[in-house]
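K.L.:
Structure file my_file_1.tsv, TSV, C-alpha atoms, is pasted below:
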```tsv
chain	number	residue	atom	x	y	z
A	1	MET	CA	-29.15	-22.46	-32.00
A	2	LEU	CA	-26.26	-24.93	-32.10
A	3	LYS	CA	-23.82	-22.06	-32.73
A	4	LYS	CA	-25.03	-20.24	-29.59
A	5	PHE	CA	-24.65	-23.42	-27.52
A	6	PHE	CA	-21.10	-24.00	-28.86
A	7	PHE	CA	-20.18	-20.34	-28.24
A	8	THR	CA	-21.52	-20.52	-24.65
A	9	CYS	CA	-19.55	-23.73	-24.00
A	10	CYS	CA	-16.35	-22.07	-25.29
A	11	ILE	CA	-16.84	-19.04	-23.03
A	12	CYS	CA	-17.45	-21.31	-20.02
A	13	ALA	CA	-14.31	-23.34	-20.79
A	14	ILE	CA	-12.20	-20.19	-21.09
A	15	SER	CA	-13.60	-18.85	-17.80
A	16	ILE	CA	-12.87	-22.11	-15.99
A	17	TYR	CA	-9.33	-22.18	-17.44
A	18	ASN	CA	-8.67	-18.61	-16.28
A	19	ALA	CA	-10.01	-19.36	-12.78
A	20	VAL	CA	-7.73	-22.39	-12.48
A	21	ALA	CA	-4.75	-20.53	-13.99
A	22	THR	CA	-4.91	-17.80	-11.34
A	23	GLU	CA	-5.39	-20.15	-8.39
A	24	VAL	CA	-2.89	-19.48	-5.59
A	25	THR	CA	-0.74	-22.56	-4.98
A	26	VAL	CA	2.26	-21.22	-3.04
A	27	ALA	CA	3.54	-22.57	0.26
A	28	GLU	CA	3.08	-20.49	3.40
A	29	PRO	CA	5.95	-18.15	4.32
A	30	GLU	CA	8.37	-19.53	6.88
A	31	PHE	CA	8.13	-16.88	9.60
A	32	ALA	CA	5.21	-15.20	11.37
A	33	GLY	CA	4.81	-11.53	10.53
A	34	ASP	CA	6.17	-11.89	6.99
A	35	ILE	CA	4.16	-10.49	4.08
A	36	TYR	CA	4.75	-11.47	0.45
A	37	LEU	CA	3.21	-10.57	-2.88
A	38	VAL	CA	1.82	-13.56	-4.78
A	39	SER	CA	3.01	-13.71	-8.40
A	40	THR	CA	0.41	-13.04	-11.09
A	41	ASP	CA	0.23	-16.73	-11.98
A	42	GLY	CA	-0.23	-17.67	-8.29
A	43	THR	CA	2.77	-20.01	-8.11
A	44	ALA	CA	5.48	-17.95	-6.39
A	45	LEU	CA	6.01	-15.52	-3.54
A	46	GLU	CA	7.70	-12.22	-4.37
A	47	GLU	CA	9.53	-10.13	-1.81
A	48	LEU	CA	8.40	-6.60	-1.12
A	49	GLU	CA	10.59	-3.71	-0.04
A	50	VAL	CA	10.84	-3.80	3.77
A	51	GLN	CA	11.88	-0.81	5.87
A	52	THR	CA	11.77	-0.02	9.54
A	53	VAL	CA	9.57	3.02	9.97
A	54	LYS	CA	10.49	6.14	11.87
A	55	SER	CA	7.74	7.51	14.04
A	56	LYS	CA	7.53	11.29	13.73
A	57	THR	CA	5.41	13.63	15.81
A	58	GLN	CA	4.79	17.18	14.64
A	59	ALA	CA	3.08	19.93	16.63
A	60	SER	CA	1.57	22.95	14.92
A	61	ALA	CA	2.72	26.45	15.76
A	62	GLY	CA	-0.61	27.02	17.54
A	63	MET	CA	0.25	24.26	20.00
A	64	TRP	CA	3.56	25.90	20.87
A	65	LEU	CA	2.30	29.47	20.97
A	66	SER	CA	-0.68	28.67	23.19
A	67	GLY	CA	1.28	26.53	25.62
A	68	GLY	CA	-0.66	23.42	24.57
A	69	LEU	CA	-4.10	25.04	24.77
A	70	GLY	CA	-4.65	25.21	21.00
A	71	GLY	CA	-3.33	23.80	17.75
A	72	SER	CA	-2.80	20.20	16.76
A	73	VAL	CA	-0.34	17.32	16.86
A	74	ARG	CA	0.16	14.75	14.10
A	75	MET	CA	1.92	11.40	14.31
A	76	ARG	CA	3.11	9.62	11.20
A	77	TYR	CA	5.26	6.71	10.11
A	78	GLU	CA	8.01	7.65	7.64
A	79	VAL	CA	10.41	5.69	5.46
A	80	GLU	CA	13.36	6.86	3.38
A	81	LYS	CA	13.17	7.49	-0.39
A	82	THR	CA	10.22	8.63	-2.45
A	83	ALA	CA	9.64	5.40	-4.40
A	84	SER	CA	9.83	1.70	-3.71
A	85	PRO	CA	12.16	-0.37	-5.87
A	86	LYS	CA	9.38	-2.99	-6.06
A	87	ARG	CA	7.31	-1.76	-9.02
A	88	LEU	CA	4.07	-3.22	-10.33
A	89	SER	CA	2.40	-2.27	-13.59
A	90	ASN	CA	-1.15	-3.00	-12.50
A	91	GLY	CA	-3.10	-2.59	-9.26
A	92	ASN	CA	-6.40	-4.06	-10.44
A	93	GLU	CA	-6.12	-7.26	-8.39
A	94	LEU	CA	-3.21	-8.08	-6.08
A	95	TYR	CA	-2.80	-11.00	-3.69
A	96	PHE	CA	-0.58	-11.10	-0.62
A	97	ILE	CA	0.21	-13.87	1.85
A	98	PHE	CA	0.44	-12.73	5.46
A	99	LYS	CA	1.93	-15.31	7.84
A	100	SER	CA	0.50	-15.08	11.34
A	101	THR	CA	0.97	-17.21	14.45
A	102	ASP	CA	-2.48	-18.64	13.70
A	103	ASN	CA	-5.37	-17.60	11.49
A	104	THR	CA	-8.23	-17.49	13.98
A	105	ILE	CA	-8.31	-13.70	14.44
A	106	ASN	CA	-9.93	-11.36	11.91
A	107	PRO	CA	-6.96	-9.96	9.95
A	108	LYS	CA	-8.72	-6.61	9.56
A	109	ASN	CA	-7.92	-6.07	13.25
A	110	TYR	CA	-4.16	-6.14	12.70
A	111	PHE	CA	-3.34	-5.91	8.99
A	112	PHE	CA	-3.42	-2.53	7.22
A	113	VAL	CA	-2.80	-1.34	3.65
A	114	PHE	CA	-2.06	2.36	3.19
A	115	LYS	CA	-1.55	4.60	0.20
A	116	LEU	CA	1.56	6.52	1.18
A	117	GLU	CA	2.07	10.25	0.76
A	118	VAL	CA	5.35	11.41	-0.80
A	119	ALA	CA	7.21	14.54	0.33
A	120	LYS	CA	10.77	15.71	0.98
A	121	LYS	CA	12.56	12.52	-0.10
A	122	ARG	CA	10.31	10.36	2.09
A	123	ARG	CA	7.11	8.33	2.02
A	124	TYR	CA	4.76	8.47	4.97
A	125	ALA	CA	1.40	7.45	6.36
A	126	GLU	CA	-0.31	9.71	8.88
A	127	MET	CA	-1.34	7.42	11.74
A	128	ALA	CA	-3.03	9.79	14.19
A	129	LYS	CA	-3.80	13.42	14.84
A	130	SER	CA	-5.19	15.30	17.77
A	131	SER	CA	-6.21	18.83	18.50
A	132	ALA	CA	-6.91	20.71	21.65
A	133	PHE	CA	-10.55	21.11	20.70
A	134	GLY	CA	-11.27	18.15	18.44
A	135	GLY	CA	-9.93	15.19	20.37
A	136	THR	CA	-7.80	12.40	18.92
A	137	GLU	CA	-8.35	10.60	15.63
A	138	SER	CA	-6.61	7.37	14.61
A	139	ASN	CA	-5.97	6.96	10.91
A	140	ALA	CA	-5.88	3.17	11.02
A	141	GLY	CA	-9.44	3.62	9.79
A	142	ASN	CA	-7.94	5.04	6.57
A	143	SER	CA	-6.56	1.63	5.71
A	144	LEU	CA	-7.60	0.58	2.21
A	145	GLN	CA	-10.28	-2.07	1.84
A	146	PHE	CA	-9.26	-5.68	1.29
A	147	THR	CA	-10.71	-9.16	1.57
A	148	ALA	CA	-9.04	-11.97	3.45
A	149	THR	CA	-9.42	-15.72	3.68
A	150	LYS	CA	-7.61	-18.28	5.78
A	151	TYR	CA	-4.70	-19.83	3.91
A	152	GLY	CA	-2.86	-22.92	5.07
A	153	GLU	CA	-2.22	-23.56	8.75
A	154	SER	CA	-1.57	-20.03	9.99
A	155	SER	CA	-1.66	-17.55	7.11
A	156	TYR	CA	-4.11	-15.29	5.34
A	157	LEU	CA	-4.59	-14.72	1.62
A	158	ILE	CA	-5.20	-10.98	1.26
A	159	LYS	CA	-6.82	-9.59	-1.90
A	160	VAL	CA	-6.57	-5.88	-2.70
A	161	THR	CA	-8.29	-4.45	-5.77
A	162	GLY	CA	-8.48	-1.17	-7.64
A	163	LEU	CA	-5.20	0.42	-6.55
A	164	GLU	CA	-4.35	3.60	-8.41
A	165	PRO	CA	-0.77	4.53	-9.40
A	166	GLY	CA	1.26	5.55	-6.37
A	167	GLU	CA	3.22	4.25	-3.40
A	168	TYR	CA	1.75	1.73	-0.94
A	169	GLY	CA	2.71	0.28	2.43
A	170	ILE	CA	1.44	-2.73	4.32
A	171	ASN	CA	1.72	-2.77	8.08
A	172	SER	CA	0.74	-5.27	10.74
A	173	THR	CA	0.47	-4.93	14.48
A	174	MET	CA	2.63	-8.07	14.79
A	175	ASP	CA	5.55	-5.76	14.00
A	176	ALA	CA	4.26	-2.20	13.69
A	177	SER	CA	7.81	-0.92	13.15
A	178	LYS	CA	7.97	-2.39	9.62
A	179	PHE	CA	6.33	-1.40	6.36
A	180	TYR	CA	6.23	-3.81	3.42
A	181	MET	CA	6.11	-1.57	0.35
A	182	PHE	CA	5.55	-1.47	-3.39
A	183	GLY	CA	4.60	1.04	-6.05
A	184	ILE	CA	2.04	0.97	-8.85
A	185	ASP	CA	3.12	2.62	-12.12
A	186	LYS	CA	0.81	4.19	-14.70
```
Would you mind giving the structure from this file in structure tokens?
P.N.:
Amino acid sequence: MLKKFFFTCCICAISIYNAVATEVTVAEPEFAGDIYLVSTDGTALEELEVQTVKSKTQASAGMWLSGGLGGSVRMRYEVEKTASPKRLSNGNELYFIFKSTDNTINPKNYFFVFKLEVAKKRRYAEMAKSSAFGGTESNAGNSLQFTATKYGESSYLIKVTGLEPGEYGINSTMDASKFYMFGIDK
């Protein structure tokens, strides 16, 4: 009985130590719109790759051949190169700090995490598509799930879990022309 009690106390102590060891203690970023990765020990901000996106629109052959009466149009954001130089070995639990002008608005309304597609020396996220018969569909709804809490005076602590190997981009409506990017290795 005493051994079980001692074992339980040890497990509780280890759990409390781990919870404290991963507590985020970094200062808020200096400028609104900036997004940083929080180090695994929670004590430093790490820069992500930042690129200005190119907006590309592509119409299907059906759109051209029918004079706009059929086919589809796709709009996507593209960036150069097939892989981010910012590499992470694990996507199980990542934390980001997103500096806003204030933190009174739900960040899910203007903060998006996308798994990027890779093709032809580029990474991209399809943002919208429309067809003559099917209407228009925004892909902002394809943003990956995350949780967010207020952090400091005007920032959010964003937690993303369960990311598979691949390329990822973070985008905010504060500056929709930029993607903050990283890659998860196997």
K.L.:
For a quick check of understanding, using only C-alpha atoms, which of A:Met174, A:Leu116, A:Met75, A:Leu94 has the smallest distance to Thr147 (chain A)?
P.N.:
A:Leu94
K.L.:
Find the residues near Gly162 (chain A): any atom within 10 Å, counting all atoms listed in the file, skip ones fewer than 4 places away on the same chain, and give them as a ChimeraX atom specification.
P.N.:
/A:90-94,145
K.L.:
Determine the nearest neighbour of Tyr110 (chain A) from the options A:Ser39, A:Tyr180, A:Ala44, A:Ile170, counting only C-alpha atoms.
P.N.:
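Closest to Tyr110 (chain A), using only C-alpha atoms: A:Ile170.
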K.L.:
Between CA of Asp185 (chain A) and CA of Pro107 (chain A), what is the distance in Å, rounded to a tenth?
P.N.:
27.3 Å
K.L.:
Quick one: of A:Lys99, A:Lys56, A:Arg122, A:Lys186, who's nearest to Asp34 (chain A), counting all atoms listed in the file?
P.N.:
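With all atoms listed in the file as the atom set, the closest residue is A:Lys99.
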K.L.:
Find the residue from A:Thr104, A:Ser130, A:Thr82, A:Asn109 that sits nearest to Asn171 (chain A); use only C-alpha atoms when measuring.
P.N.:
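So, comparing all the options, the nearest one is A:Asn109.
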K.L.:
Neighbouring residues of Glu153 (chain A) were defined as those with any atom within 12 Å, considering all atoms listed in the file; residues of the same chain fewer than 2 positions away were excluded. Please report them as a ChimeraX atom specification.
P.N.:
/A:27-30,32,98-104,149-151,155-157
K.L.:
Hey, can you check how far CA of Thr173 (chain A) sits from CA of Phe111 (chain A)?
P.N.:
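Answer for the CA of Thr173 (chain A) to CA of Phe111 (chain A) separation: 6.8 Å.
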K.L.:
Hey, which of A:Glu23, A:Glu78, A:Glu117, A:Glu46 ends up closest to Glu167 (chain A)? Count all atoms listed in the file.
P.N.:
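Comparing A:Glu23, A:Glu78, A:Glu117, A:Glu46 against Glu167 (chain A), the winner is A:Glu117.
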K.L.:
Might you pull out every residue within 8 Å of Arg87 (chain A), with only C-alpha atoms counted and same-chain residues fewer than 6 positions away left off, and present them as number ranges by chain?
P.N.:
A: 182-185
K.L.:
Kindly export the residues of the current selection with C-alpha atoms, as an mmCIF file, in the frame of the given file.
P.N.:
```cif
data_model
loop_
_atom_site.group_PDB
_atom_site.id
_atom_site.type_symbol
_atom_site.label_atom_id
_atom_site.label_comp_id
_atom_site.auth_asym_id
_atom_site.auth_seq_id
_atom_site.Cartn_x
_atom_site.Cartn_y
_atom_site.Cartn_z
ATOM 1 C CA PHE A 182 5.550 -1.470 -3.390
ATOM 2 C CA GLY A 183 4.600 1.040 -6.050
ATOM 3 C CA ILE A 184 2.040 0.970 -8.850
ATOM 4 C CA ASP A 185 3.120 2.620 -12.120
#
```
K.L.:
So how far away is CA of Thr57 (chain A) from CA of Tyr36 (chain A), in Å?
P.N.:
29.4 Å
K.L.:
Taking all atoms listed in the file into account, which of A:Ala59, A:Ala148, A:Ile97, A:Val79 comes nearest Val118 (chain A)?
P.N.:
A:Val79
